[in-house]
Structure formats: structure tokens, C-alpha cells
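Worksheet for the structure shown next.
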2 protein chains.
Amino acid sequence: MDRRIIKTRKEIINAFMKLLKKKGFEKITIQDIADEADINRGTVYLHFEDKYAIMDYCIDSYVGKLLENCAPGEEIVLKKEAFNAIFNYLGENLDIYKLLLENDKNNSFNQKLKATVESQTEMAVGHMVKSDGASAEIYTQFLVAGFLGVIDWWIRNYPACTAEEATDILFSMVTHITAIE
Amino acid sequence: MDRRIIKTRKEIINAFMKLLKKKGFEKITIQDIADEADINRGTVYLHFEDKYAIMDYCIDSYVGKLLENCAPGEEIVLKKEAFNAIFNYLGENLDIYKLLLENDKNNSFNQKLKATVESQTEMAVGHMVKSDGASAEIYTQFLVAGFLGVIDWWIRNYPACTAEEATDILFSMVTHITAIE
DNA sequence: CCACAAATGTCTATTAATCAACAGATTGGC
DNA sequence: GCCAATCTGTTGATTAATAGACATTTGTGG
């Protein structure tokens, strides 16, 4: 892709995140973003409909970064190393993810994360428990919701516990559940 | 001026200075600069004839920064605060100025600096010593050359002495000379 | 010494970003 | 409420940067 597009988009989201931190979503104007990014105001409109679209794009890309940084192309959940990688990565970039969650009124973050986690959990559950369709699906839904719930809580309430503690407790619950059979 | 020009030029000189530090002037290629700056190679040619022009531009702009940071619009030399400001600024950005001097085969740095220092010294000397034309000019030339020589030595040999020591010694010499009359 | 890779300098067509101007919508203070 | 200032969303003309291609030059290793 054209370098200019990549650079401009990066500048916009950097400016947006900076402003999100400084004054909160509601007070952000397109003008602000253009000024902060040092680009023409019209250029912002070439890339995004409005600031809601920018917020959405941010969530998208940061969820993407989280996933690709923690399990590039492989199964994400139900492996202890993967859990650990996720909590560690979140810990290192906590300010960003906290900011996103706090300003995410539509629960987009969880929904986007769920899309990937769900499909990969399905596969993992398919391998581990030999159950008929309905019961496997219940396992899956329970695991996914539990996992996402803990992630959400951990980000919002850090430092309620360390990444290691979160990993250990979460993983032990998952293994107990998948061993019920 | 168009933002794009400013940004691109900044990216080029940043890349150039980084490469100057990493591999030295001779080994730098236009290709390198384009890669490092993450811009198209052709774009470099839109702004500069060759890498010598970039080097020249760097010296120009860093001499400019030095001057405007130390005496914005006023007389530069023959005031203690000005001396102090110059040495302090140089000290804070020593890596850059050292790099420039070490790679300045044409003595451009001194020449460019001289242009400003000379004209302002002339004025200062005109006020301080009541001499006829020729003798005032000798005062001026002596002061300018001495000043530039100390600056050059100080940058190349830091930390031979602190900014404060350099300021004090240089200023005491200047005051003794201008008091000869 | 030759071959092959990399860098150069230049070009064209295309695209993204710019500025400036606009009328209409919001907002905050008096 | 109203005025002024700001922000919005869009436009059109212009300019800078892009990718890609090209023939040429440089320079390094076999």
C-alpha cells in the first residue's frame, strides 16, 4: 500500500489516542485530531467518517495487535504460554488498553476479541473433550465468556493481581473444566 | 509552506544524521537515506541534488538552530549570558555538533557560523571601542577568530572543560581585550 | 578481469495530501 | 436569547510524493 496512507493513518490514531488520554472521547474534535497529528483537517475525512469510526478503527487495530503479538497464526487459548503472553502483553501496554476499555461504550472491544477467541476455542474444545455438539458448544461458550470476563476485569482493575497470578488461576480453572468429562 | 515539504525534509535530515552516526558520510547512499526515512528514493532527489547537498543543508540548519536558540534576534557575542547559552546548548546537543564537525571537510560549519558572528561582533566592537576603521576591524577579526576557534576546540575535545569554565575563560579574555584601548 | 549486484539519476502516470473557501451546525459567555 | 467563535462536512484546484521503469555507473567477490 502507498506509504502515505500508512503514515497518515498512524498519525491519526496516535493523535487520537493522545487526545483520548488528555481530554476523553466526548471532548475530542476532528480539528483537534488534525492539529495534533499535524495534518490537514480534510485529510482526516479522507480516512474516517467521524471520530466514532476512528475509535472503532483503534479498537480493531489494538485487538489485532494483541492477538498477533500473543499467538501469531496459532491457537490462542487453552495453552498456558498463550495466557501468559496475553497478560504480559496487556501489562506492558496497559495504559492503551485501559483507555480503550474505559471509552468503549458499545463493548466493541470484547466483541471483536470474542470473534477470534471463540473460533479458536471451538477447535481446542473439539480436540480435548469428546462430546456431542450441544455440550461442546456449552463448554466453548462458558470458556470464552469466562476468559473474556477475566481479561476485561484484569485490565480495568490492574494491579489487582500480577500477570502470573492471573495466568495461573485462569489456566487452572480451564484445565479443571475441560477435565470434567 | 506545505506541511509535506517540511515533514519530508525533516525525515531526510533525521535519517541522514542517524546514518552519519552509524556508518559515516562516505558509506551513506541515497538508497540508505530513503530506506531509513521510509520515503521514496525519488523523493530525496526532489529535495536535494546529492548527499553533499544534504550535508550542507544539515550544517546550515544546525548552525541556524544554534544561533536562534542562543540569541534570538539580538547580539550574540560579547555578552556573558550569550556565551553561556551557546556552550550549554552545544553541550546538550554535543553528539550532533560533534558529528557535523567531524564530517565537515570544507569547514562549512565554521564559515556559516562566522557569517553571523562576524557581523554582530562588528556592531558590538563599534559600540565598545572608539577606534578608527582599521583598528576596529582588527579587534573584530581577532575576536571572531578566537571565539570560533574556542567553539571548535570545545566541541571536538569535550569534556576537556565544562561549559561554565569555557564561558568564564572566554569572557574574561574578551573583556580584557576590549578594555585594552 | 569479468560478472553480477547495488546504487544512481531521470522519467512518467497516478494518487494522496494540501490549502482555501464555503455554508450550515454547535457551543459557550454575556 | 443572542452573538461570536468554533467546529463541521464538503468542494475544487493545486502540489508533493508514490511506484515502477529505465539506461547507466559503480564496486565487490569469484
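Chain labels A, B, ... are given in the sequence in which chains occur in the C-alpha cells; within each chain residues are numbered consecutively from 1, and ligands are likewise numbered from 1 in the order shown.
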
Would you write out, as a Markdown table, a table of all residues in chain B that have an atom no more than 10 Å from an atom of chain C, listing for each the closest atom pair and the distance in Å to one decimal, considering only C-alpha atoms (C1' of nucleotides) and ordering rows by chain and rising residue number?
```
| residue | atom | partner | partner_atom | distance |
| --- | --- | --- | --- | --- |
| B:Met1 | CA | C:DT18 | C1' | 9.9 |
| B:Asp2 | CA | C:DT18 | C1' | 6.7 |
| B:Arg3 | CA | C:DT18 | C1' | 7.7 |
| B:Arg4 | CA | C:DA17 | C1' | 7.8 |
| B:Thr29 | CA | C:DA7 | C1' | 7.3 |
| B:Ile30 | CA | C:DA7 | C1' | 7.9 |
| B:Gln31 | CA | C:DA7 | C1' | 7.0 |
| B:Asp32 | CA | C:DA7 | C1' | 9.7 |
| B:Gly42 | CA | C:DT10 | C1' | 9.1 |
| B:Tyr45 | CA | C:DG9 | C1' | 8.6 |
| B:Glu49 | CA | C:DG9 | C1' | 9.8 |
| B:Asp50 | CA | C:DG9 | C1' | 10.0 |
```

Worksheet item: Could you list, as a list in words, every residue of chain D that has an atom within 10 Å of an atom of chain B, counting only C-alpha atoms (C1' of nucleotides)?
Response: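 Here they are: DT15, DA16, DA17, DT18 and DA19 of chain D.
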
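The gap separating CA of Leu99 in chain A from CA of Asp168 in chain A is 25.6 Å, in Å to one decimal.
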
Rotate and translate chain B onto chain A via least squares on all in-order Cα pairs, then write the result as a PDB file with C-alpha atoms, in the first residue's frame.
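superposed_27.pdb, freshly written:
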```
ATOM      1  CA  MET B   1      -0.062  -0.116   0.138  1.00  0.00           C
ATOM      2  CA  ASP B   2       0.971   3.442  -0.438  1.00  0.00           C
ATOM      3  CA  ARG B   3       3.295   4.558   2.335  1.00  0.00           C
ATOM      4  CA  ARG B   4       1.418   7.832   2.680  1.00  0.00           C
ATOM      5  CA  ILE B   5      -1.780   6.062   3.684  1.00  0.00           C
ATOM      6  CA  ILE B   6      -0.040   3.996   6.330  1.00  0.00           C
ATOM      7  CA  LYS B   7       1.783   6.983   7.772  1.00  0.00           C
ATOM      8  CA  THR B   8      -1.246   9.236   7.796  1.00  0.00           C
ATOM      9  CA  ARG B   9      -3.440   6.631   9.433  1.00  0.00           C
ATOM     10  CA  LYS B  10      -0.799   5.984  12.048  1.00  0.00           C
ATOM     11  CA  GLU B  11      -0.519   9.684  12.748  1.00  0.00           C
ATOM     12  CA  ILE B  12      -4.273   9.961  13.126  1.00  0.00           C
ATOM     13  CA  ILE B  13      -4.629   7.127  15.575  1.00  0.00           C
ATOM     14  CA  ASN B  14      -1.587   8.270  17.548  1.00  0.00           C
ATOM     15  CA  ALA B  15      -3.088  11.729  17.806  1.00  0.00           C
ATOM     16  CA  PHE B  16      -6.451  10.259  18.690  1.00  0.00           C
ATOM     17  CA  MET B  17      -5.085   8.092  21.484  1.00  0.00           C
ATOM     18  CA  LYS B  18      -3.111  11.028  22.849  1.00  0.00           C
ATOM     19  CA  LEU B  19      -6.251  13.152  22.900  1.00  0.00           C
ATOM     20  CA  LEU B  20      -8.281  10.329  24.379  1.00  0.00           C
ATOM     21  CA  LYS B  21      -5.893  10.299  27.290  1.00  0.00           C
ATOM     22  CA  LYS B  22      -5.748  14.057  27.588  1.00  0.00           C
ATOM     23  CA  LYS B  23      -9.386  15.069  27.345  1.00  0.00           C
ATOM     24  CA  GLY B  24     -11.626  12.033  26.870  1.00  0.00           C
ATOM     25  CA  PHE B  25     -13.614  10.935  23.846  1.00  0.00           C
ATOM     26  CA  GLU B  26     -16.488  13.400  24.025  1.00  0.00           C
ATOM     27  CA  LYS B  27     -14.290  16.475  24.005  1.00  0.00           C
ATOM     28  CA  ILE B  28     -12.243  15.403  21.013  1.00  0.00           C
ATOM     29  CA  THR B  29     -12.914  17.268  17.759  1.00  0.00           C
ATOM     30  CA  ILE B  30     -11.760  16.460  14.255  1.00  0.00           C
ATOM     31  CA  GLN B  31      -9.962  19.774  14.366  1.00  0.00           C
ATOM     32  CA  ASP B  32      -8.057  18.607  17.453  1.00  0.00           C
ATOM     33  CA  ILE B  33      -7.006  15.435  15.744  1.00  0.00           C
ATOM     34  CA  ALA B  34      -5.798  17.228  12.654  1.00  0.00           C
ATOM     35  CA  ASP B  35      -3.822  19.712  14.745  1.00  0.00           C
ATOM     36  CA  GLU B  36      -2.308  17.060  16.972  1.00  0.00           C
ATOM     37  CA  ALA B  37      -1.387  14.862  14.006  1.00  0.00           C
ATOM     38  CA  ASP B  38      -0.114  17.876  12.072  1.00  0.00           C
ATOM     39  CA  ILE B  39      -2.144  17.051   8.994  1.00  0.00           C
ATOM     40  CA  ASN B  40      -4.849  18.822   7.072  1.00  0.00           C
ATOM     41  CA  ARG B  41      -8.320  18.540   8.526  1.00  0.00           C
ATOM     42  CA  GLY B  42      -9.696  17.390   5.201  1.00  0.00           C
ATOM     43  CA  THR B  43      -7.243  14.528   5.227  1.00  0.00           C
ATOM     44  CA  VAL B  44      -8.876  13.096   8.311  1.00  0.00           C
ATOM     45  CA  TYR B  45     -12.149  12.885   6.398  1.00  0.00           C
ATOM     46  CA  LEU B  46     -10.409  11.051   3.585  1.00  0.00           C
ATOM     47  CA  HIS B  47      -9.779   8.220   6.011  1.00  0.00           C
ATOM     48  CA  PHE B  48     -12.614   8.287   8.532  1.00  0.00           C
ATOM     49  CA  GLU B  49     -16.288   9.178   8.570  1.00  0.00           C
ATOM     50  CA  ASP B  50     -16.127  10.696  12.046  1.00  0.00           C
ATOM     51  CA  LYS B  51     -14.459  10.224  15.392  1.00  0.00           C
ATOM     52  CA  TYR B  52     -16.580   7.188  16.151  1.00  0.00           C
ATOM     53  CA  ALA B  53     -15.067   5.482  13.139  1.00  0.00           C
ATOM     54  CA  ILE B  54     -11.620   6.353  14.453  1.00  0.00           C
ATOM     55  CA  MET B  55     -12.435   4.887  17.834  1.00  0.00           C
ATOM     56  CA  ASP B  56     -13.658   1.757  16.134  1.00  0.00           C
ATOM     57  CA  TYR B  57     -10.560   1.545  14.012  1.00  0.00           C
ATOM     58  CA  CYS B  58      -8.391   1.929  17.106  1.00  0.00           C
ATOM     59  CA  ILE B  59     -10.158  -0.888  18.895  1.00  0.00           C
ATOM     60  CA  ASP B  60      -9.883  -3.019  15.803  1.00  0.00           C
ATOM     61  CA  SER B  61      -6.192  -2.486  15.372  1.00  0.00           C
ATOM     62  CA  TYR B  62      -5.287  -2.816  19.037  1.00  0.00           C
ATOM     63  CA  VAL B  63      -7.275  -6.007  19.339  1.00  0.00           C
ATOM     64  CA  GLY B  64      -5.418  -7.149  16.244  1.00  0.00           C
ATOM     65  CA  LYS B  65      -2.069  -6.261  17.790  1.00  0.00           C
ATOM     66  CA  LEU B  66      -2.973  -8.117  20.951  1.00  0.00           C
ATOM     67  CA  LEU B  67      -3.866 -11.243  19.041  1.00  0.00           C
ATOM     68  CA  GLU B  68      -0.950 -11.271  16.651  1.00  0.00           C
ATOM     69  CA  ASN B  69       1.510 -10.491  19.403  1.00  0.00           C
ATOM     70  CA  CYS B  70       0.326 -13.326  21.552  1.00  0.00           C
ATOM     71  CA  ALA B  71      -0.394 -16.137  19.137  1.00  0.00           C
ATOM     72  CA  PRO B  72       0.636 -15.425  15.583  1.00  0.00           C
ATOM     73  CA  GLY B  73      -1.459 -17.743  13.466  1.00  0.00           C
ATOM     74  CA  GLU B  74      -1.877 -20.423  16.091  1.00  0.00           C
ATOM     75  CA  GLU B  75      -4.396 -21.344  18.700  1.00  0.00           C
ATOM     76  CA  ILE B  76      -4.673 -18.659  21.270  1.00  0.00           C
ATOM     77  CA  VAL B  77      -6.492 -20.025  24.236  1.00  0.00           C
ATOM     78  CA  LEU B  78      -6.193 -23.132  26.358  1.00  0.00           C
ATOM     79  CA  LYS B  79      -2.419 -23.031  26.404  1.00  0.00           C
ATOM     80  CA  LYS B  80      -0.616 -21.700  29.396  1.00  0.00           C
ATOM     81  CA  GLU B  81       2.080 -19.915  27.405  1.00  0.00           C
ATOM     82  CA  ALA B  82      -0.626 -18.160  25.411  1.00  0.00           C
ATOM     83  CA  PHE B  83      -2.376 -16.990  28.557  1.00  0.00           C
ATOM     84  CA  ASN B  84       0.877 -15.751  29.916  1.00  0.00           C
ATOM     85  CA  ALA B  85       1.751 -13.936  26.709  1.00  0.00           C
ATOM     86  CA  ILE B  86      -1.589 -12.188  26.666  1.00  0.00           C
ATOM     87  CA  PHE B  87      -1.426 -10.948  30.218  1.00  0.00           C
ATOM     88  CA  ASN B  88       2.154  -9.873  29.837  1.00  0.00           C
ATOM     89  CA  TYR B  89       1.439  -7.987  26.637  1.00  0.00           C
ATOM     90  CA  LEU B  90      -1.561  -6.330  28.198  1.00  0.00           C
ATOM     91  CA  GLY B  91       0.499  -5.424  31.224  1.00  0.00           C
ATOM     92  CA  GLU B  92       3.139  -3.768  29.093  1.00  0.00           C
ATOM     93  CA  ASN B  93       0.548  -1.733  27.204  1.00  0.00           C
ATOM     94  CA  LEU B  94      -1.940  -1.336  29.969  1.00  0.00           C
ATOM     95  CA  ASP B  95      -2.415   2.395  29.552  1.00  0.00           C
ATOM     96  CA  ILE B  96      -3.640   1.949  25.998  1.00  0.00           C
ATOM     97  CA  TYR B  97      -5.982  -0.938  26.634  1.00  0.00           C
ATOM     98  CA  LYS B  98      -7.375   0.620  29.773  1.00  0.00           C
ATOM     99  CA  LEU B  99      -8.058   3.773  27.802  1.00  0.00           C
ATOM    100  CA  LEU B 100      -9.853   1.819  25.120  1.00  0.00           C
ATOM    101  CA  LEU B 101     -12.006  -0.145  27.529  1.00  0.00           C
ATOM    102  CA  GLU B 102     -12.962   2.914  29.514  1.00  0.00           C
ATOM    103  CA  ASN B 103     -14.145   4.670  26.369  1.00  0.00           C
ATOM    104  CA  ASP B 104     -15.759   1.674  24.722  1.00  0.00           C
ATOM    105  CA  LYS B 105     -19.447   2.279  25.206  1.00  0.00           C
ATOM    106  CA  ASN B 106     -20.558  -0.334  22.671  1.00  0.00           C
ATOM    107  CA  ASN B 107     -18.499  -3.130  24.149  1.00  0.00           C
ATOM    108  CA  SER B 108     -16.776  -3.367  20.763  1.00  0.00           C
ATOM    109  CA  PHE B 109     -13.527  -4.426  22.316  1.00  0.00           C
ATOM    110  CA  ASN B 110     -14.959  -7.566  23.825  1.00  0.00           C
ATOM    111  CA  GLN B 111     -17.003  -8.348  20.747  1.00  0.00           C
ATOM    112  CA  LYS B 112     -14.046  -8.095  18.427  1.00  0.00           C
ATOM    113  CA  LEU B 113     -11.863 -10.104  20.740  1.00  0.00           C
ATOM    114  CA  LYS B 114     -14.600 -12.666  21.080  1.00  0.00           C
ATOM    115  CA  ALA B 115     -14.780 -13.287  17.356  1.00  0.00           C
ATOM    116  CA  THR B 116     -11.285 -14.736  17.294  1.00  0.00           C
ATOM    117  CA  VAL B 117     -11.238 -16.316  20.717  1.00  0.00           C
ATOM    118  CA  GLU B 118     -14.494 -18.112  20.062  1.00  0.00           C
ATOM    119  CA  SER B 119     -13.475 -19.768  16.826  1.00  0.00           C
ATOM    120  CA  GLN B 120     -10.187 -20.932  18.251  1.00  0.00           C
ATOM    121  CA  THR B 121     -11.737 -22.152  21.457  1.00  0.00           C
ATOM    122  CA  GLU B 122     -14.179 -24.191  19.409  1.00  0.00           C
ATOM    123  CA  MET B 123     -11.317 -25.983  17.759  1.00  0.00           C
ATOM    124  CA  ALA B 124      -9.478 -26.531  21.010  1.00  0.00           C
ATOM    125  CA  VAL B 125     -12.560 -27.864  22.720  1.00  0.00           C
ATOM    126  CA  GLY B 126     -13.223 -30.123  19.738  1.00  0.00           C
ATOM    127  CA  HIS B 127      -9.864 -31.756  20.320  1.00  0.00           C
ATOM    128  CA  MET B 128      -9.974 -32.001  24.068  1.00  0.00           C
ATOM    129  CA  VAL B 129     -13.443 -33.105  25.016  1.00  0.00           C
ATOM    130  CA  LYS B 130     -15.266 -35.830  23.213  1.00  0.00           C
ATOM    131  CA  SER B 131     -18.793 -34.601  23.450  1.00  0.00           C
ATOM    132  CA  ASP B 132     -21.689 -34.225  21.123  1.00  0.00           C
ATOM    133  CA  GLY B 133     -22.429 -30.879  19.472  1.00  0.00           C
ATOM    134  CA  ALA B 134     -24.557 -29.167  22.075  1.00  0.00           C
ATOM    135  CA  SER B 135     -22.419 -29.968  25.068  1.00  0.00           C
ATOM    136  CA  ALA B 136     -19.223 -28.969  23.290  1.00  0.00           C
ATOM    137  CA  GLU B 137     -20.823 -25.688  22.414  1.00  0.00           C
ATOM    138  CA  ILE B 138     -21.708 -25.040  26.020  1.00  0.00           C
ATOM    139  CA  TYR B 139     -18.154 -25.769  27.060  1.00  0.00           C
ATOM    140  CA  THR B 140     -16.961 -23.346  24.433  1.00  0.00           C
ATOM    141  CA  GLN B 141     -19.327 -20.553  25.315  1.00  0.00           C
ATOM    142  CA  PHE B 142     -18.550 -20.902  28.986  1.00  0.00           C
ATOM    143  CA  LEU B 143     -14.817 -20.856  28.429  1.00  0.00           C
ATOM    144  CA  VAL B 144     -14.954 -17.904  26.055  1.00  0.00           C
ATOM    145  CA  ALA B 145     -17.172 -15.802  28.263  1.00  0.00           C
ATOM    146  CA  GLY B 146     -15.105 -16.640  31.313  1.00  0.00           C
ATOM    147  CA  PHE B 147     -11.885 -15.858  29.561  1.00  0.00           C
ATOM    148  CA  LEU B 148     -13.117 -12.543  28.206  1.00  0.00           C
ATOM    149  CA  GLY B 149     -14.588 -11.616  31.531  1.00  0.00           C
ATOM    150  CA  VAL B 150     -11.304 -12.150  33.329  1.00  0.00           C
ATOM    151  CA  ILE B 151      -9.414 -10.197  30.685  1.00  0.00           C
ATOM    152  CA  ASP B 152     -11.835  -7.320  31.007  1.00  0.00           C
ATOM    153  CA  TRP B 153     -11.685  -7.324  34.784  1.00  0.00           C
ATOM    154  CA  TRP B 154      -7.921  -7.602  34.836  1.00  0.00           C
ATOM    155  CA  ILE B 155      -7.405  -4.621  32.549  1.00  0.00           C
ATOM    156  CA  ARG B 156      -9.843  -2.415  34.408  1.00  0.00           C
ATOM    157  CA  ASN B 157      -8.657  -3.335  37.878  1.00  0.00           C
ATOM    158  CA  TYR B 158      -4.940  -3.694  37.456  1.00  0.00           C
ATOM    159  CA  PRO B 159      -2.974  -4.168  39.607  1.00  0.00           C
ATOM    160  CA  ALA B 160      -5.422  -6.356  41.461  1.00  0.00           C
ATOM    161  CA  CYS B 161      -3.076  -9.227  40.724  1.00  0.00           C
ATOM    162  CA  THR B 162       0.020  -9.866  38.649  1.00  0.00           C
ATOM    163  CA  ALA B 163       0.043 -11.300  35.158  1.00  0.00           C
ATOM    164  CA  GLU B 164       1.461 -14.526  36.558  1.00  0.00           C
ATOM    165  CA  GLU B 165      -1.271 -14.921  39.168  1.00  0.00           C
ATOM    166  CA  ALA B 166      -3.957 -14.236  36.584  1.00  0.00           C
ATOM    167  CA  THR B 167      -2.396 -16.770  34.246  1.00  0.00           C
ATOM    168  CA  ASP B 168      -2.131 -19.465  36.891  1.00  0.00           C
ATOM    169  CA  ILE B 169      -5.641 -19.114  38.258  1.00  0.00           C
ATOM    170  CA  LEU B 170      -7.260 -18.832  34.858  1.00  0.00           C
ATOM    171  CA  PHE B 171      -5.358 -21.799  33.486  1.00  0.00           C
ATOM    172  CA  SER B 172      -6.122 -23.999  36.456  1.00  0.00           C
ATOM    173  CA  MET B 173      -9.819 -23.248  36.046  1.00  0.00           C
ATOM    174  CA  VAL B 174      -9.717 -24.033  32.362  1.00  0.00           C
ATOM    175  CA  THR B 175      -7.935 -27.345  32.879  1.00  0.00           C
ATOM    176  CA  HIS B 176     -10.359 -28.384  35.623  1.00  0.00           C
ATOM    177  CA  ILE B 177     -13.303 -27.612  33.388  1.00  0.00           C
ATOM    178  CA  THR B 178     -11.995 -29.399  30.350  1.00  0.00           C
ATOM    179  CA  ALA B 179     -11.172 -32.398  32.592  1.00  0.00           C
ATOM    180  CA  ILE B 180     -14.743 -32.718  33.854  1.00  0.00           C
ATOM    181  CA  GLU B 181     -15.808 -35.022  31.064  1.00  0.00           C
TER     182      GLU B 181
END
```
